[in-house]
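Q: Take a look at input_32.txt, compact mmCIF, N, CA and C atoms:
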# COMPACT_ATOMS: atom_id res chain seq x y z
N GLN A 1 4.62 -9.92 -0.13
CA GLN A 1 4.62 -9.15 -1.37
C GLN A 1 3.84 -7.86 -1.16
N VAL A 2 4.46 -6.75 -1.51
CA VAL A 2 3.83 -5.45 -1.33
C VAL A 2 2.91 -5.15 -2.51
N GLU A 3 1.71 -4.69 -2.21
CA GLU A 3 0.78 -4.30 -3.24
C GLU A 3 0.26 -2.91 -2.94
N VAL A 4 0.31 -2.07 -3.96
CA VAL A 4 -0.21 -0.70 -3.87
C VAL A 4 -1.33 -0.59 -4.87
N ARG A 5 -2.50 -0.21 -4.41
CA ARG A 5 -3.66 -0.20 -5.30
C ARG A 5 -4.41 1.12 -5.18
N GLU A 6 -4.57 1.78 -6.33
CA GLU A 6 -5.33 3.03 -6.39
C GLU A 6 -6.76 2.76 -6.85
N SER A 7 -7.65 3.63 -6.46
CA SER A 7 -9.03 3.56 -6.94
C SER A 7 -9.64 4.95 -6.87
N GLY A 8 -10.78 5.11 -7.53
CA GLY A 8 -11.51 6.36 -7.43
C GLY A 8 -11.44 7.27 -8.65
N GLY A 9 -10.64 6.89 -9.62
CA GLY A 9 -10.57 7.72 -10.81
C GLY A 9 -11.87 7.67 -11.60
N GLY A 10 -11.99 8.56 -12.58
CA GLY A 10 -13.19 8.58 -13.40
C GLY A 10 -13.21 9.77 -14.32
N VAL A 11 -14.36 9.98 -14.93
CA VAL A 11 -14.56 11.11 -15.85
C VAL A 11 -15.51 12.09 -15.19
N VAL A 12 -15.09 13.34 -15.08
CA VAL A 12 -15.93 14.38 -14.46
C VAL A 12 -15.87 15.63 -15.31
N GLN A 13 -16.79 16.54 -15.01
CA GLN A 13 -16.80 17.85 -15.67
C GLN A 13 -15.89 18.80 -14.89
N ALA A 14 -15.40 19.81 -15.55
CA ALA A 14 -14.61 20.85 -14.89
C ALA A 14 -15.42 21.44 -13.74
N GLY A 15 -14.74 21.64 -12.61
CA GLY A 15 -15.40 22.19 -11.44
C GLY A 15 -15.91 21.15 -10.47
N GLU A 16 -15.98 19.91 -10.92
CA GLU A 16 -16.46 18.84 -10.05
C GLU A 16 -15.33 18.27 -9.19
N SER A 17 -15.69 17.29 -8.37
CA SER A 17 -14.74 16.71 -7.42
C SER A 17 -14.61 15.20 -7.61
N LEU A 18 -13.48 14.68 -7.15
CA LEU A 18 -13.23 13.24 -7.10
C LEU A 18 -12.39 12.96 -5.87
N ARG A 19 -12.52 11.76 -5.32
CA ARG A 19 -11.63 11.34 -4.25
C ARG A 19 -10.93 10.06 -4.66
N LEU A 20 -9.62 10.13 -4.68
CA LEU A 20 -8.81 8.96 -4.96
C LEU A 20 -8.42 8.27 -3.65
N SER A 21 -8.31 6.97 -3.71
CA SER A 21 -7.86 6.19 -2.56
C SER A 21 -6.67 5.34 -2.96
N CYS A 22 -5.81 5.07 -1.99
CA CYS A 22 -4.66 4.20 -2.22
C CYS A 22 -4.49 3.31 -1.00
N THR A 23 -4.53 2.02 -1.23
CA THR A 23 -4.36 1.06 -0.15
C THR A 23 -3.08 0.28 -0.35
N VAL A 24 -2.30 0.17 0.72
CA VAL A 24 -1.03 -0.56 0.68
C VAL A 24 -1.17 -1.83 1.51
N SER A 25 -0.81 -2.95 0.94
CA SER A 25 -0.82 -4.20 1.68
C SER A 25 0.54 -4.87 1.57
N GLY A 26 0.86 -5.71 2.55
CA GLY A 26 2.12 -6.42 2.52
C GLY A 26 3.30 -5.63 3.04
N LEU A 27 3.05 -4.45 3.56
CA LEU A 27 4.11 -3.61 4.11
C LEU A 27 3.68 -3.24 5.51
N SER A 28 4.24 -3.92 6.48
CA SER A 28 3.71 -3.82 7.84
C SER A 28 4.06 -2.52 8.53
N SER A 29 5.16 -1.89 8.14
CA SER A 29 5.58 -0.70 8.84
C SER A 29 4.57 0.44 8.66
N VAL A 30 4.22 1.09 9.76
CA VAL A 30 3.31 2.23 9.69
C VAL A 30 4.06 3.48 9.27
N THR A 31 5.39 3.46 9.42
CA THR A 31 6.17 4.65 9.08
C THR A 31 6.47 4.66 7.59
N LYS A 32 5.46 5.01 6.83
CA LYS A 32 5.56 5.06 5.38
C LYS A 32 5.22 6.47 4.91
N THR A 33 6.13 7.09 4.18
CA THR A 33 5.79 8.31 3.47
C THR A 33 4.99 7.91 2.24
N MET A 34 3.93 8.65 1.96
CA MET A 34 3.10 8.31 0.81
C MET A 34 2.89 9.54 -0.05
N ALA A 35 2.66 9.30 -1.33
CA ALA A 35 2.55 10.42 -2.26
C ALA A 35 1.68 10.06 -3.46
N TRP A 36 1.21 11.10 -4.11
CA TRP A 36 0.50 10.98 -5.39
C TRP A 36 1.34 11.65 -6.48
N PHE A 37 1.48 10.96 -7.58
CA PHE A 37 2.12 11.49 -8.77
C PHE A 37 1.11 11.38 -9.91
N ARG A 38 1.34 12.12 -10.98
CA ARG A 38 0.46 12.00 -12.14
C ARG A 38 1.28 12.13 -13.42
N GLN A 39 0.73 11.55 -14.47
CA GLN A 39 1.44 11.57 -15.75
C GLN A 39 0.46 11.62 -16.89
N VAL A 40 0.79 12.49 -17.85
CA VAL A 40 0.06 12.61 -19.10
C VAL A 40 0.91 11.97 -20.18
N PRO A 41 0.32 11.22 -21.10
CA PRO A 41 1.13 10.60 -22.16
C PRO A 41 2.01 11.62 -22.87
N GLY A 42 3.27 11.27 -23.02
CA GLY A 42 4.21 12.15 -23.70
C GLY A 42 4.89 13.16 -22.79
N LYS A 43 4.49 13.17 -21.52
CA LYS A 43 5.10 14.11 -20.58
C LYS A 43 5.71 13.35 -19.41
N GLU A 44 6.61 14.02 -18.70
CA GLU A 44 7.22 13.41 -17.53
C GLU A 44 6.21 13.32 -16.39
N ARG A 45 6.43 12.32 -15.55
CA ARG A 45 5.58 12.18 -14.37
C ARG A 45 5.90 13.31 -13.40
N GLU A 46 4.87 13.88 -12.77
CA GLU A 46 5.08 14.98 -11.83
C GLU A 46 4.48 14.64 -10.48
N GLY A 47 5.12 15.15 -9.45
CA GLY A 47 4.59 14.97 -8.11
C GLY A 47 3.42 15.89 -7.87
N VAL A 48 2.41 15.37 -7.22
CA VAL A 48 1.21 16.15 -6.91
C VAL A 48 1.17 16.53 -5.44
N SER A 49 1.35 15.54 -4.58
CA SER A 49 1.25 15.78 -3.15
C SER A 49 1.88 14.63 -2.40
N CYS A 50 2.35 14.90 -1.18
CA CYS A 50 2.85 13.84 -0.32
C CYS A 50 2.41 14.09 1.10
N ILE A 51 2.49 13.03 1.91
CA ILE A 51 2.09 13.14 3.31
C ILE A 51 3.04 12.30 4.15
N SER A 52 3.45 12.84 5.28
CA SER A 52 4.37 12.13 6.16
C SER A 52 3.67 10.94 6.81
N TRP A 53 4.45 10.07 7.42
CA TRP A 53 3.88 8.85 7.97
C TRP A 53 2.83 9.13 9.04
N SER A 54 3.03 10.22 9.80
CA SER A 54 2.09 10.54 10.87
C SER A 54 0.86 11.27 10.36
N GLY A 55 0.98 11.83 9.16
CA GLY A 55 -0.11 12.64 8.62
C GLY A 55 -0.03 14.09 9.02
N ALA A 56 0.98 14.43 9.84
CA ALA A 56 1.06 15.80 10.35
C ALA A 56 1.62 16.78 9.33
N TYR A 57 2.33 16.27 8.34
CA TYR A 57 2.94 17.14 7.33
C TYR A 57 2.46 16.73 5.95
N ALA A 58 2.09 17.72 5.15
CA ALA A 58 1.69 17.47 3.78
C ALA A 58 2.28 18.54 2.87
N TYR A 59 2.51 18.16 1.64
CA TYR A 59 3.08 19.09 0.67
C TYR A 59 2.31 18.97 -0.64
N TYR A 60 2.12 20.10 -1.31
CA TYR A 60 1.38 20.10 -2.58
C TYR A 60 2.17 20.85 -3.64
N THR A 61 2.09 20.37 -4.86
CA THR A 61 2.64 21.14 -5.95
C THR A 61 1.77 22.38 -6.13
N GLU A 62 2.37 23.44 -6.65
CA GLU A 62 1.70 24.74 -6.67
C GLU A 62 0.37 24.71 -7.40
N SER A 63 0.28 23.96 -8.47
CA SER A 63 -0.92 23.99 -9.31
C SER A 63 -2.16 23.38 -8.65
N VAL A 64 -1.98 22.65 -7.55
CA VAL A 64 -3.15 22.03 -6.89
C VAL A 64 -3.42 22.60 -5.51
N LYS A 65 -2.59 23.52 -5.07
CA LYS A 65 -2.79 24.09 -3.72
C LYS A 65 -4.15 24.76 -3.63
N GLY A 66 -4.84 24.50 -2.54
CA GLY A 66 -6.16 25.08 -2.33
C GLY A 66 -7.28 24.28 -2.98
N ARG A 67 -6.94 23.33 -3.84
CA ARG A 67 -7.97 22.52 -4.52
C ARG A 67 -7.91 21.05 -4.10
N PHE A 68 -6.75 20.55 -3.82
CA PHE A 68 -6.56 19.15 -3.45
C PHE A 68 -6.21 19.05 -1.97
N ALA A 69 -6.64 17.97 -1.35
CA ALA A 69 -6.31 17.71 0.05
C ALA A 69 -5.92 16.25 0.22
N ILE A 70 -4.74 16.03 0.78
CA ILE A 70 -4.25 14.67 1.00
C ILE A 70 -4.47 14.29 2.46
N SER A 71 -4.78 13.04 2.69
CA SER A 71 -4.97 12.56 4.06
C SER A 71 -4.67 11.06 4.10
N ARG A 72 -4.60 10.52 5.30
CA ARG A 72 -4.33 9.09 5.41
C ARG A 72 -4.97 8.53 6.66
N ASP A 73 -5.24 7.24 6.62
CA ASP A 73 -5.76 6.52 7.78
C ASP A 73 -4.84 5.32 7.99
N ASN A 74 -3.92 5.44 8.91
CA ASN A 74 -2.93 4.38 9.12
C ASN A 74 -3.56 3.09 9.66
N ALA A 75 -4.71 3.20 10.28
CA ALA A 75 -5.37 2.01 10.80
C ALA A 75 -5.77 1.05 9.69
N ILE A 76 -6.01 1.60 8.50
CA ILE A 76 -6.41 0.75 7.37
C ILE A 76 -5.44 0.88 6.20
N ASN A 77 -4.24 1.43 6.47
CA ASN A 77 -3.19 1.52 5.44
C ASN A 77 -3.70 2.17 4.16
N THR A 78 -4.43 3.24 4.31
CA THR A 78 -5.04 3.90 3.15
C THR A 78 -4.75 5.39 3.15
N MET A 79 -4.49 5.89 1.96
CA MET A 79 -4.27 7.32 1.75
C MET A 79 -5.33 7.82 0.78
N TYR A 80 -5.68 9.09 0.91
CA TYR A 80 -6.71 9.68 0.06
C TYR A 80 -6.20 10.96 -0.60
N LEU A 81 -6.81 11.29 -1.72
CA LEU A 81 -6.58 12.58 -2.35
C LEU A 81 -7.95 13.13 -2.74
N GLN A 82 -8.41 14.11 -2.00
CA GLN A 82 -9.67 14.77 -2.31
C GLN A 82 -9.38 15.88 -3.30
N MET A 83 -9.94 15.75 -4.49
CA MET A 83 -9.68 16.71 -5.55
C MET A 83 -10.95 17.51 -5.82
N SER A 84 -10.87 18.81 -5.67
CA SER A 84 -12.01 19.69 -5.89
C SER A 84 -11.69 20.70 -6.97
N SER A 85 -12.72 21.35 -7.48
CA SER A 85 -12.55 22.37 -8.53
C SER A 85 -11.63 21.86 -9.63
N LEU A 86 -11.91 20.66 -10.08
CA LEU A 86 -11.04 20.04 -11.08
C LEU A 86 -11.02 20.81 -12.38
N LYS A 87 -9.87 20.81 -13.01
CA LYS A 87 -9.66 21.50 -14.28
C LYS A 87 -9.25 20.49 -15.35
N PRO A 88 -9.47 20.81 -16.61
CA PRO A 88 -9.04 19.89 -17.67
C PRO A 88 -7.56 19.54 -17.60
N GLU A 89 -6.75 20.48 -17.13
CA GLU A 89 -5.31 20.21 -17.02
C GLU A 89 -4.96 19.24 -15.90
N ASP A 90 -5.93 18.86 -15.08
CA ASP A 90 -5.71 17.83 -14.07
C ASP A 90 -5.86 16.42 -14.66
N THR A 91 -6.29 16.35 -15.90
CA THR A 91 -6.44 15.06 -16.56
C THR A 91 -5.09 14.35 -16.65
N ALA A 92 -5.04 13.13 -16.12
CA ALA A 92 -3.79 12.37 -16.09
C ALA A 92 -4.05 11.00 -15.48
N MET A 93 -3.05 10.15 -15.58
CA MET A 93 -3.04 8.91 -14.80
C MET A 93 -2.42 9.26 -13.46
N TYR A 94 -3.11 8.94 -12.39
CA TYR A 94 -2.64 9.25 -11.05
C TYR A 94 -2.08 7.99 -10.40
N TYR A 95 -0.88 8.11 -9.87
CA TYR A 95 -0.18 7.00 -9.25
C TYR A 95 0.05 7.26 -7.77
N CYS A 96 -0.11 6.21 -7.00
CA CYS A 96 0.22 6.24 -5.59
C CYS A 96 1.60 5.61 -5.41
N ALA A 97 2.39 6.18 -4.52
CA ALA A 97 3.73 5.66 -4.27
C ALA A 97 4.05 5.78 -2.79
N THR A 98 4.94 4.90 -2.32
CA THR A 98 5.27 4.92 -0.91
C THR A 98 6.67 4.36 -0.68
N PHE A 99 7.24 4.70 0.44
CA PHE A 99 8.48 4.08 0.89
C PHE A 99 8.52 4.19 2.41
N ILE A 100 9.30 3.31 3.01
CA ILE A 100 9.40 3.29 4.47
C ILE A 100 10.28 4.44 4.92
N SER A 101 9.72 5.29 5.77
CA SER A 101 10.46 6.44 6.26
C SER A 101 9.85 6.94 7.55
N GLY A 102 10.70 7.28 8.49
CA GLY A 102 10.25 7.85 9.75
C GLY A 102 10.36 9.36 9.76
N ASP A 103 10.64 9.97 8.59
CA ASP A 103 10.77 11.42 8.51
C ASP A 103 9.47 12.12 8.87
N TYR A 104 9.60 13.28 9.46
CA TYR A 104 8.42 14.07 9.82
C TYR A 104 7.98 15.00 8.72
N THR A 105 8.73 15.02 7.61
CA THR A 105 8.33 15.79 6.44
C THR A 105 8.33 14.84 5.24
N CYS A 106 8.02 15.37 4.06
CA CYS A 106 8.06 14.56 2.85
C CYS A 106 8.39 15.44 1.67
N SER A 107 8.72 14.81 0.57
CA SER A 107 9.08 15.54 -0.64
C SER A 107 8.57 14.78 -1.85
N ILE A 108 8.17 15.52 -2.87
CA ILE A 108 7.80 14.91 -4.14
C ILE A 108 8.83 15.24 -5.22
N ASP A 109 9.92 15.86 -4.81
CA ASP A 109 10.98 16.21 -5.76
C ASP A 109 11.89 15.03 -6.07
N ARG A 110 12.06 14.15 -5.10
CA ARG A 110 12.95 13.01 -5.29
C ARG A 110 12.12 11.75 -5.50
N GLU A 111 11.65 11.59 -6.74
CA GLU A 111 10.76 10.48 -7.08
C GLU A 111 11.41 9.13 -6.83
N ASN A 112 12.72 9.04 -6.99
CA ASN A 112 13.37 7.73 -6.90
C ASN A 112 13.43 7.17 -5.49
N GLN A 113 13.06 7.97 -4.49
CA GLN A 113 13.04 7.44 -3.14
C GLN A 113 11.80 6.58 -2.89
N TYR A 114 10.80 6.74 -3.76
CA TYR A 114 9.57 5.96 -3.64
C TYR A 114 9.76 4.64 -4.35
N ASN A 115 9.83 3.56 -3.63
CA ASN A 115 10.15 2.29 -4.25
C ASN A 115 8.97 1.33 -4.38
N PHE A 116 7.79 1.75 -3.96
CA PHE A 116 6.60 0.92 -4.18
C PHE A 116 5.56 1.79 -4.88
N TRP A 117 5.06 1.29 -6.00
CA TRP A 117 4.16 2.06 -6.85
C TRP A 117 2.93 1.23 -7.22
N GLY A 118 1.81 1.93 -7.39
CA GLY A 118 0.61 1.29 -7.91
C GLY A 118 0.58 1.35 -9.43
N GLN A 119 -0.49 0.79 -9.98
CA GLN A 119 -0.66 0.75 -11.44
C GLN A 119 -1.32 2.00 -11.98
N GLY A 120 -1.89 2.80 -11.12
CA GLY A 120 -2.48 4.05 -11.56
C GLY A 120 -3.99 3.99 -11.71
N THR A 121 -4.61 5.16 -11.61
CA THR A 121 -6.05 5.30 -11.85
C THR A 121 -6.24 6.56 -12.69
N GLN A 122 -7.04 6.44 -13.73
CA GLN A 122 -7.18 7.53 -14.70
C GLN A 122 -8.20 8.56 -14.22
N VAL A 123 -7.81 9.81 -14.30
CA VAL A 123 -8.71 10.93 -14.02
C VAL A 123 -8.84 11.75 -15.29
N THR A 124 -10.05 11.93 -15.74
CA THR A 124 -10.31 12.72 -16.95
C THR A 124 -11.30 13.82 -16.61
N VAL A 125 -10.90 15.06 -16.89
CA VAL A 125 -11.74 16.21 -16.60
C VAL A 125 -12.10 16.88 -17.92
N SER A 126 -13.38 16.92 -18.23
CA SER A 126 -13.82 17.52 -19.48
C SER A 126 -14.25 18.96 -19.25
N SER A 127 -14.07 19.78 -20.27
CA SER A 127 -14.39 21.21 -20.14
C SER A 127 -15.83 21.49 -20.53
Take the structure in this file and express it as structure tokens.
A:
Amino acid sequence: QVEVRESGGGVVQAGESLRLSCTVSGLSSVTKTMAWFRQVPGKEREGVSCISWSGAYAYYTESVKGRFAISRDNAINTMYLQMSSLKPEDTAMYYCATFISGDYTCSIDRENQYNFWGQGTQVTVSS
């Protein structure tokens, strides 16, 4: 049974930092594309960032470029999202998602390709 678990969310002030973690268990393949999505109540879920299975390629949505950094440690099946200079508009439930892929790139535009999802971790940024 595949389990995707996020952690690291919390309440911070604008300008502060948080690091989210996502651990995948029950999925033995190392060739997993992984991504972070976020959702605010009443709005559609949006892609934030993704990282290829090797970690060599990463993609960010425009609003977080230069502030967020995605990384992964395949030895422990864990992905991270280092979030800096947080803004109130970053407030959302953050979800980790993954699917088995040997691609050397990744995309957050095709959400339906991600077939394993976590329950989410809440990030709240106060002004």
Q: Considering only N, CA and C atoms, can you say which of A:Asn115, A:Ser85, A:Ser101, A:Gln122 comes closest to Ser29 of chain A?
A: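 Among the listed residues, A:Ser101 lies closest to Ser29 of chain A.
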Q: Would you please extract all strand (DSSP E) residues from segment 1-126 of chain A, as assigned by DSSP on the backbone, and give them as an NGL selection string?
A: :A and (3-7 or 10-13 or 18-25 or 32-39 or 46-51 or 58-60 or 68-73 or 78-83 or 92-100 or 116-117 or 121-126)
Q: Which residue out of A:Gly55, A:Gln39, A:Gly120, A:Tyr104 has the minimum interatomic distance to Thr78 of chain A when only C-alpha atoms are used?
A: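 Residue with the minimum atom-to-atom distance to Thr78 of chain A: A:Gly55.
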Q: Which residue is closest to Phe116 of chain A? Choose from A:Ser84, A:Thr98, A:Thr23, A:Asn77 and count all atoms listed in the file.
A: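 Counting all atoms listed in the file, the residue closest to Phe116 of chain A is A:Thr98.
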Q: What does the distance from atom CA of Thr124 of chain A to atom C of Val4 of chain A come to in Å, to one decimal?
A: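 These two atoms are separated by 20.1 Å.
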Q: Report the distance between atom N of Thr33 of chain A and atom N of Leu18 of chain A in Å, rounded to one decimal place.
A: 23.9 Å
Q: Closest to Asp109 of chain A among A:Val48, A:Val30, A:Val125, A:Ala75, using all atoms listed in the file?
A: A:Val48
Q: Run DSSP on the backbone of this structure and report the residues of segment 29-122 of chain A it assigns to helix (DSSP H, G or I), as a ChimeraX atom specification.
A: /A:62-64,74-76,88-90,111-113
Q: Dump N, CA and C atoms for the selected residues as an mmCIF file, in the frame of the given file?
A:
data_model
loop_
_atom_site.group_PDB
_atom_site.id
_atom_site.type_symbol
_atom_site.label_atom_id
_atom_site.label_comp_id
_atom_site.auth_asym_id
_atom_site.auth_seq_id
_atom_site.Cartn_x
_atom_site.Cartn_y
_atom_site.Cartn_z
ATOM 1 N N GLU A 62 2.370 23.440 -6.650
ATOM 2 C CA GLU A 62 1.700 24.740 -6.670
ATOM 3 C C GLU A 62 0.370 24.710 -7.400
ATOM 4 N N SER A 63 0.280 23.960 -8.470
ATOM 5 C CA SER A 63 -0.920 23.990 -9.310
ATOM 6 C C SER A 63 -2.160 23.380 -8.650
ATOM 7 N N VAL A 64 -1.980 22.650 -7.550
ATOM 8 C CA VAL A 64 -3.150 22.030 -6.890
ATOM 9 C C VAL A 64 -3.420 22.600 -5.510
ATOM 10 N N ASN A 74 -3.920 5.440 8.910
ATOM 11 C CA ASN A 74 -2.930 4.380 9.120
ATOM 12 C C ASN A 74 -3.560 3.090 9.660
ATOM 13 N N ALA A 75 -4.710 3.200 10.280
ATOM 14 C CA ALA A 75 -5.370 2.010 10.800
ATOM 15 C C ALA A 75 -5.770 1.050 9.690
ATOM 16 N N ILE A 76 -6.010 1.600 8.500
ATOM 17 C CA ILE A 76 -6.410 0.750 7.370
ATOM 18 C C ILE A 76 -5.440 0.880 6.200
ATOM 19 N N PRO A 88 -9.470 20.810 -16.610
ATOM 20 C CA PRO A 88 -9.040 19.890 -17.670
ATOM 21 C C PRO A 88 -7.560 19.540 -17.600
ATOM 22 N N GLU A 89 -6.750 20.480 -17.130
ATOM 23 C CA GLU A 89 -5.310 20.210 -17.020
ATOM 24 C C GLU A 89 -4.960 19.240 -15.900
ATOM 25 N N ASP A 90 -5.930 18.860 -15.080
ATOM 26 C CA ASP A 90 -5.710 17.830 -14.070
ATOM 27 C C ASP A 90 -5.860 16.420 -14.660
ATOM 28 N N GLU A 111 11.650 11.590 -6.740
ATOM 29 C CA GLU A 111 10.760 10.480 -7.080
ATOM 30 C C GLU A 111 11.410 9.130 -6.830
ATOM 31 N N ASN A 112 12.720 9.040 -6.990
ATOM 32 C CA ASN A 112 13.370 7.730 -6.900
ATOM 33 C C ASN A 112 13.430 7.170 -5.490
ATOM 34 N N GLN A 113 13.060 7.970 -4.490
ATOM 35 C CA GLN A 113 13.040 7.440 -3.140
ATOM 36 C C GLN A 113 11.800 6.580 -2.890
#
Q: Around the point (-1.0, 19.2, -17.4) (coordinates from the file), which residues reach within 9 Å if we count only C-alpha atoms? Answer as a VMD selection string.
A: chain A and resid 39 to 40 43 88 to 92
Q: Please, could you write that set of residues out with N, CA and C atoms as a compact mmCIF listing (two decimals), in the frame of the given file?
A:
# COMPACT_ATOMS: atom_id res chain seq x y z
N GLN A 39 0.73 11.55 -14.47
CA GLN A 39 1.44 11.57 -15.75
C GLN A 39 0.46 11.62 -16.89
N VAL A 40 0.79 12.49 -17.85
CA VAL A 40 0.06 12.61 -19.10
C VAL A 40 0.91 11.97 -20.18
N LYS A 43 4.49 13.17 -21.52
CA LYS A 43 5.10 14.11 -20.58
C LYS A 43 5.71 13.35 -19.41
N PRO A 88 -9.47 20.81 -16.61
CA PRO A 88 -9.04 19.89 -17.67
C PRO A 88 -7.56 19.54 -17.60
N GLU A 89 -6.75 20.48 -17.13
CA GLU A 89 -5.31 20.21 -17.02
C GLU A 89 -4.96 19.24 -15.90
N ASP A 90 -5.93 18.86 -15.08
CA ASP A 90 -5.71 17.83 -14.07
C ASP A 90 -5.86 16.42 -14.66
N THR A 91 -6.29 16.35 -15.90
CA THR A 91 -6.44 15.06 -16.56
C THR A 91 -5.09 14.35 -16.65
N ALA A 92 -5.04 13.13 -16.12
CA ALA A 92 -3.79 12.37 -16.09
C ALA A 92 -4.05 11.00 -15.48
Q: Just to confirm, what's the straight-line distance from atom CA of Ile108 of chain A to atom CA of Leu20 of chain A in Å (one decimal)?
A: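 So the two atoms, atom CA of Ile108 of chain A and atom CA of Leu20 of chain A, lie 17.7 Å apart.
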Q: Rank nothing, just name the residue among A:Glu16, A:Ile76, A:Leu27, A:Ser54 nearest to Gly102 of chain A, using only C-alpha atoms.
A: A:Ser54
Q: Which of these, A:Gln82, A:Gln119, A:Ser126, A:Gln13, has the shortest distance to Ala97 of chain A once you count only C-alpha atoms?
A: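 Nearest candidate to Ala97 of chain A out of A:Gln82, A:Gln119, A:Ser126, A:Gln13: A:Gln119.
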Q: What's around Leu81 of chain A at 6 Å? Count only N, CA and C atoms, leave out sequence neighbours fewer than 5 positions away in its own chain, and write the answer as a list of chain:residue names.
A: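 With the cut-off at 6 Å, the set is A:Leu18, A:Arg19, A:Leu20, A:Ser21, A:Ala69, A:Ile70, A:Ser71.
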Q: Output, as lines of an AutoDock Vina configuration file, the centre and edge lengths in Å (one decimal) of the axis-aligned box that contains all listed atoms of segment 93-107 of chain A with 5 Å of margin on each side.
A:
center_x = 3.8
center_y = 9.5
center_z = -2.9
size_x = 23.9
size_y = 22.5
size_z = 35.4
